[in-house]
Structure formats: C-alpha cells, structure tokens
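Here the structure is laid out as structure tokens; the discussion comes afterwards.
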Amino acid sequence: MSAGIHYVRRNSDKLATVSTAAEAFSDWKGADERWMFVSPHDDDVAAGAGLTVLAGIAERAEVHAVIVTDGRMGYCRPDQRESIAAVRRAECEKSFAILGVTPDRLRFFGYPDGDLDVNRGRRFATPGVQTAIAGGVGLQNSFTHAIRAIRPTRVFLATVADLHPDHRITHEELLISLFHARGTIWPELGPPIAEVPRVYEFAVYCDFPEPPNLRIETPAAMLETKLDSIAAYASQEQIDGIVEIQRNAGPMEYLRELSFRFYAPQQYYPLFTKAC
C-alpha cells in the first residue's frame, strides 16, 4: 500500500480491494509508468482527478498534464474579460504545483476556450499562428505531438458523457490521436509510440456513460491538498461551491477504464460460423 491509498476494482458485480497500484491498474509498467492527464480547461483535472494525480505521484509514476484551452471565457466580471486568460494560466501553474506537478511537466495548447470545434483535426499552419507545432495546427496535431513526446503508459481525460462541448471534443480528438501517434504518419511530430496507453475517464460535471470500474481511496490529508488545488482558481467565483461538493464526496475518486481497441475483424468470425 502506498501512502495509505486503497484501490477498489469492480469486475462485473465483483469487488476487489487491492493495496498497490500494480494490482489496480492493468499492465503496470513499474518504474516506467508515465501518466498523462488531459484537462479541457485548466481546472478540470484538479476538480475531477486531483486525488488520482496525487496517487500517481505517490506510486512514483511520472505525471504530466496537458491543458487544452486558454480559459478566456472564464471571466465572471466585465473587467476580467481581457486579463482572465493570463490570470488563469498563473492559477493553473499554482494549482498543479500544489498537486506536485512541476511546470516542466505542464503543456499548454492555448486553443481558444469554447471554440474547439473549429480546431478539430490537423492542417498546415499559416505563419505566426500561436498554437502551431512543427508547421501544423489543430487538436490532432497537438495531441499526437504530446503523446509521442511524453509516451504515456496511461492517459486520463474527462468523460465523453460530459455536456460541455470542449470536454466531448477533447475526448474524441485525443482518442483518434492515439491512433495517429502509434503510426508513422506526420513524422515531424516525433517517433511513433510502441503501444497504445491505457485510457481512463474521470467525471467533472456529469455522470459517466457507464458505471466506473475503479475507485481510489486516499487519506484525508490528500483530499485537503486536492481542495487547495481547486481553490487556487480564485478568479472563478463559483469555485467555493465546487470545493464544497468535493469535500462532501470525501477522499475518493472514480475512474472508468475504456475498452479501447483498434479494429480486428477476426473477433467477429465466430459469430458467423455454424457450430458443428
């Protein structure tokens, strides 16, 4: 058991409490564990997966975070409108520092908050575009580059069932980028990954589309650290309500591991084969 953390796995209707991450997470890589948290907005990981971040660090995984949007739509007063993106960037760095994620393991994509739909896919950049990487722009460009650079063993992202369009688009673009990252396409974005990482959903605003299959239980002190990381977003005037919801939930979080596989036609052969 690491730092008093417990893991409860649910397989069908069976529950199993285990004492180590190696037992809780499939295909554990030991010292090679690298976790990549994908945050559509800067505060989503702290609110939905702050304890999971702390657990990963406690288990000696190398923890990274990707922040997709720039927070420009998060102003609560008219006088914040022009400055809120810079304010939220500073709050984000503080929040992740509280969780133990250092600035060198943060990646800010900088896409306009609330405007991800027009940034789907990948296309060649025009000169001077801020979000350009290796001559390309678009979410699949940014995600493919990040996945190949970090080479994560596990990826954590907000559930696809979330009603916020930025969350849904981030989810979809990340999954197709795993396909790209494994292949040889777009070599300027880095060498292909050897295998697709395990993918887990966390919930922020809405329920999971199907029940989660993993619960992480931590000591109370870790919950206080998570709450401090959420409270770092002081510019978000509704943040006290989110802190209270998380406090009432107690020191535990839920994850849903995705059954993410590339198409394999052979799996359907038995369905069309007559029994002898």
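Each chain in the structure tokens gets a letter, A, B, ..., in the order shown, and its residues are numbered from 1; ligands are numbered from 1 in order too.
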
Please provide as an MDAnalysis selection string all residues within 7 Å of His171 of chain A, with the sequence filter that same-chain residues fewer than 4 positions apart are discarded (counting only C-alpha atoms).
-> chainID A and resid 157:158 160 167 175

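For segment 109-174 of chain A, backbone-based DSSP labels the following residues as helix (DSSP H, G or I): A:Leu116, A:Asp117, A:Val118, A:Asn119, A:Leu139, A:Gln140, A:Asn141, A:Ser142, A:Phe143, A:Thr144, A:His145, A:Ala146, A:Ile147, A:Arg148, A:Ala149, A:Ile150, A:Pro165, A:Asp166, A:His167, A:Arg168, A:Ile169, A:Thr170, A:His171, A:Glu172, A:Glu173, A:Leu174.
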
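Checking A:Thr184, A:Thr52, A:Gln140, A:Gln238 one by one against Trp35 of chain A, counting only C-alpha atoms, you find the shortest gap at A:Thr52.
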
For segment 116-130 of chain A, list every protein, DNA or RNA residue within 12 Å, evaluated using only C-alpha atoms, and leave out those in the same chain fewer than 5 positions away; present the list as a VMD selection string.
-> chain A and resid 40 to 41 68 to 70 108 to 111 135 to 145 164 to 177 180 185 to 186 189

Restricting the output to N, CA and C atoms, write the selected residues as a tab-separated table (two decimals), in the first residue's frame.
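The file below, again25.tsv, is the result:
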```tsv
chain	number	residue	atom	x	y	z
A	40	PRO	N	-9.43	19.67	-20.45
A	40	PRO	CA	-10.01	20.58	-21.45
A	40	PRO	C	-9.89	22.04	-21.03
A	41	HIS	N	-10.18	22.31	-19.75
A	41	HIS	CA	-9.97	23.63	-19.16
A	41	HIS	C	-9.00	23.48	-17.99
A	68	VAL	N	-5.78	22.10	-22.54
A	68	VAL	CA	-6.14	22.29	-23.94
A	68	VAL	C	-6.51	23.72	-24.28
A	69	THR	N	-7.34	24.37	-23.45
A	69	THR	CA	-7.85	25.71	-23.78
A	69	THR	C	-7.20	26.77	-22.90
A	70	ASP	N	-7.40	28.04	-23.30
A	70	ASP	CA	-6.70	29.14	-22.64
A	70	ASP	C	-7.51	29.86	-21.56
A	108	PHE	N	0.69	23.62	-22.29
A	108	PHE	CA	-0.45	24.48	-22.56
A	108	PHE	C	-0.65	24.57	-24.07
A	109	PHE	N	-1.74	24.00	-24.57
A	109	PHE	CA	-2.00	24.06	-26.01
A	109	PHE	C	-2.43	25.46	-26.45
A	110	GLY	N	-3.19	26.15	-25.61
A	110	GLY	CA	-3.56	27.53	-25.91
A	110	GLY	C	-4.69	27.71	-26.89
A	111	TYR	N	-5.53	26.69	-27.12
A	111	TYR	CA	-6.66	26.87	-28.02
A	111	TYR	C	-7.74	27.72	-27.36
A	135	GLY	N	4.90	23.09	-37.82
A	135	GLY	CA	4.25	23.53	-39.04
A	135	GLY	C	2.79	23.17	-39.16
A	136	GLY	N	2.22	22.58	-38.11
A	136	GLY	CA	0.82	22.17	-38.14
A	136	GLY	C	0.03	22.77	-37.01
A	137	VAL	N	-1.28	22.79	-37.17
A	137	VAL	CA	-2.19	23.24	-36.12
A	137	VAL	C	-3.36	22.27	-36.05
A	138	GLY	N	-4.16	22.43	-35.00
A	138	GLY	CA	-5.31	21.56	-34.79
A	138	GLY	C	-5.07	20.61	-33.64
A	139	LEU	N	-6.16	20.16	-33.05
A	139	LEU	CA	-6.06	19.32	-31.86
A	139	LEU	C	-5.31	18.02	-32.12
A	140	GLN	N	-5.52	17.42	-33.28
A	140	GLN	CA	-4.83	16.16	-33.56
A	140	GLN	C	-3.33	16.39	-33.76
A	141	ASN	N	-2.97	17.54	-34.26
A	141	ASN	CA	-1.55	17.90	-34.35
A	141	ASN	C	-0.95	18.01	-32.95
A	142	SER	N	-1.62	18.74	-32.08
A	142	SER	CA	-1.10	18.97	-30.72
A	142	SER	C	-1.08	17.69	-29.90
A	143	PHE	N	-2.16	16.91	-29.97
A	143	PHE	CA	-2.22	15.68	-29.18
A	143	PHE	C	-1.21	14.65	-29.67
A	144	THR	N	-1.09	14.48	-30.97
A	144	THR	CA	-0.13	13.50	-31.49
A	144	THR	C	1.28	13.86	-31.06
A	145	HIS	N	1.61	15.14	-31.14
A	145	HIS	CA	2.93	15.59	-30.70
A	145	HIS	C	3.14	15.32	-29.21
A	164	HIS	N	-20.37	19.51	-21.58
A	164	HIS	CA	-19.60	20.65	-22.11
A	164	HIS	C	-18.97	20.26	-23.44
A	165	PRO	N	-19.23	21.01	-24.51
A	165	PRO	CA	-18.67	20.65	-25.82
A	165	PRO	C	-17.15	20.54	-25.83
A	166	ASP	N	-16.45	21.40	-25.09
A	166	ASP	CA	-14.99	21.31	-25.05
A	166	ASP	C	-14.53	19.97	-24.50
A	167	HIS	N	-15.28	19.42	-23.54
A	167	HIS	CA	-14.90	18.13	-22.97
A	167	HIS	C	-15.12	17.00	-23.98
A	168	ARG	N	-16.23	17.04	-24.67
A	168	ARG	CA	-16.54	16.00	-25.65
A	168	ARG	C	-15.54	16.02	-26.82
A	169	ILE	N	-15.26	17.21	-27.31
A	169	ILE	CA	-14.34	17.34	-28.45
A	169	ILE	C	-12.94	16.90	-28.04
A	170	THR	N	-12.50	17.30	-26.86
A	170	THR	CA	-11.19	16.88	-26.37
A	170	THR	C	-11.11	15.36	-26.32
A	171	HIS	N	-12.15	14.72	-25.81
A	171	HIS	CA	-12.19	13.27	-25.71
A	171	HIS	C	-12.04	12.62	-27.09
A	172	GLU	N	-12.84	13.06	-28.05
A	172	GLU	CA	-12.82	12.47	-29.38
A	172	GLU	C	-11.47	12.68	-30.08
A	173	GLU	N	-10.95	13.89	-29.99
A	173	GLU	CA	-9.70	14.20	-30.68
A	173	GLU	C	-8.50	13.48	-30.04
A	174	LEU	N	-8.56	13.29	-28.73
A	174	LEU	CA	-7.48	12.55	-28.06
A	174	LEU	C	-7.47	11.09	-28.51
A	175	LEU	N	-8.63	10.46	-28.59
A	175	LEU	CA	-8.67	9.04	-28.95
A	175	LEU	C	-8.18	8.81	-30.38
A	176	ILE	N	-8.58	9.63	-31.34
A	176	ILE	CA	-8.08	9.42	-32.70
A	176	ILE	C	-6.59	9.75	-32.78
A	177	SER	N	-6.13	10.64	-31.91
A	177	SER	CA	-4.70	10.97	-31.91
A	177	SER	C	-3.85	9.81	-31.40
A	180	HIS	N	-3.11	7.97	-34.47
A	180	HIS	CA	-2.07	8.64	-35.24
A	180	HIS	C	-0.69	8.45	-34.60
A	185	ILE	N	2.57	8.24	-39.58
A	185	ILE	CA	2.09	9.47	-40.18
A	185	ILE	C	2.66	10.68	-39.44
A	186	TRP	N	2.88	11.77	-40.17
A	186	TRP	CA	3.35	13.04	-39.61
A	186	TRP	C	4.65	12.87	-38.81
A	189	LEU	N	6.24	15.17	-36.05
A	189	LEU	CA	5.69	15.28	-34.69
A	189	LEU	C	6.33	14.30	-33.71
```

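Across the model, the gap from atom CA of Ile216 of chain A to atom CA of Gly250 of chain A is 11.0 Å.
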
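Summary of the local environment: counting only C-alpha atoms, residues at most 12 Å from Pro209 of chain A, other than itself and those fewer than 3 positions away along its chain, are Ala158, Thr159, Val160, Ala161, Asp162, Leu163, Glu201, Phe202, Ala203, Cys206, Pro212, Leu255, Arg256, Glu257 and Leu258 of chain A.
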
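Our summary of the geometry notes that atom CA of Phe156 of chain A is positioned 4.8 Å from atom CA of Phe37 of chain A.
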
Smallest atom-to-atom distance to Arg60 of chain A: which of A:Ala16, A:Val8, A:Ala3, A:Ala234, using only C-alpha atoms?
-> A:Ala3

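From atom CA of Val53 of chain A back to atom CA of Ile230 of chain A, the distance works out to 12.9 Å.
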
Can you tell me, as a PyMOL selection string, what residues are no more than 12 Å from Met36 of chain A when counting only C-alpha atoms, ignoring any on the same chain fewer than 3 positions away?
-> chain A and resi 33+39+45+49+52-53+56-57+61-67+101+105-107+143+146-157+174+197-201

Using C-alpha atoms, can you write the selected residues to a file as a short mmCIF file (atom, residue, chain, number, x, y, z; two decimals), in the first residue's frame?
```
data_model
loop_
_atom_site.label_atom_id
_atom_site.label_comp_id
_atom_site.auth_asym_id
_atom_site.auth_seq_id
_atom_site.Cartn_x
_atom_site.Cartn_y
_atom_site.Cartn_z
CA GLU A 33 4.92 4.40 -15.50
CA SER A 39 -7.58 18.92 -18.99
CA VAL A 45 -8.11 17.85 -13.63
CA ALA A 49 -8.90 13.82 -10.81
CA THR A 52 -5.66 10.45 -8.93
CA VAL A 53 -2.78 12.83 -9.68
CA GLY A 56 0.15 8.62 -9.30
CA ILE A 57 2.90 10.71 -7.72
CA ALA A 61 4.68 7.47 -11.72
CA GLU A 62 5.98 10.31 -13.85
CA VAL A 63 2.95 12.63 -14.02
CA HIS A 64 2.32 15.09 -16.86
CA ALA A 65 -0.65 17.33 -17.65
CA VAL A 66 -1.93 18.83 -20.87
CA ILE A 67 -4.20 21.90 -20.72
CA VAL A 101 3.25 18.54 -10.87
CA ARG A 105 5.60 18.67 -16.97
CA LEU A 106 2.78 21.02 -17.99
CA ARG A 107 1.85 21.60 -21.62
CA PHE A 143 -2.22 15.68 -29.18
CA ALA A 146 2.27 15.45 -26.93
CA ILE A 147 1.63 11.70 -26.90
CA ARG A 148 4.81 10.97 -28.84
CA ALA A 149 6.84 13.30 -26.62
CA ILE A 150 5.51 12.08 -23.25
CA ARG A 151 5.00 8.43 -24.34
CA PRO A 152 2.45 7.80 -21.55
CA THR A 153 1.53 4.40 -20.21
CA ARG A 154 -1.84 5.81 -19.07
CA VAL A 155 -3.99 8.71 -20.20
CA PHE A 156 -6.73 10.28 -18.05
CA LEU A 157 -9.37 12.56 -19.55
CA LEU A 174 -7.48 12.55 -28.06
CA PRO A 197 -1.59 3.62 -23.49
CA ARG A 198 -4.43 2.60 -21.20
CA VAL A 199 -7.21 5.21 -21.21
CA TYR A 200 -9.32 6.26 -18.21
CA GLU A 201 -12.21 8.68 -17.87
#
```

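For the residues A:Ser95, A:Asn213, A:Ser259, A:Thr131, ranking by smallest atom-to-atom distance to Thr225 of chain A using only C-alpha atoms places A:Ser95 first.
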
With a distance cut-off of 10 Å and only C-alpha atoms, select the neighbouring residues of Ala249 of chain A, excluding the residue or stretch itself and same-chain residues fewer than 5 positions from it, and output the selection as a PyMOL selection string.
-> chain A and resi 223+243-244

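For segment 39-212 of chain A, backbone-based DSSP labels the following residues as strand (DSSP E): Ser39, Glu62, Val63, His64, Ala65, Val66, Ile67, Val68, Thr69, Leu106, Arg107, Phe108, Phe109, Gly110, Tyr111, Arg123, Phe124, Gly136, Val137, Arg154, Val155, Phe156, Leu157, Ala158, Arg198, Val199, Tyr200, Glu201 and Phe202 of chain A.
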
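With distances restricted to only C-alpha atoms, A:Gly71 is the closest residue to Arg89 of chain A from A:Pro219, A:Pro103, A:Gly48, A:Gly71.
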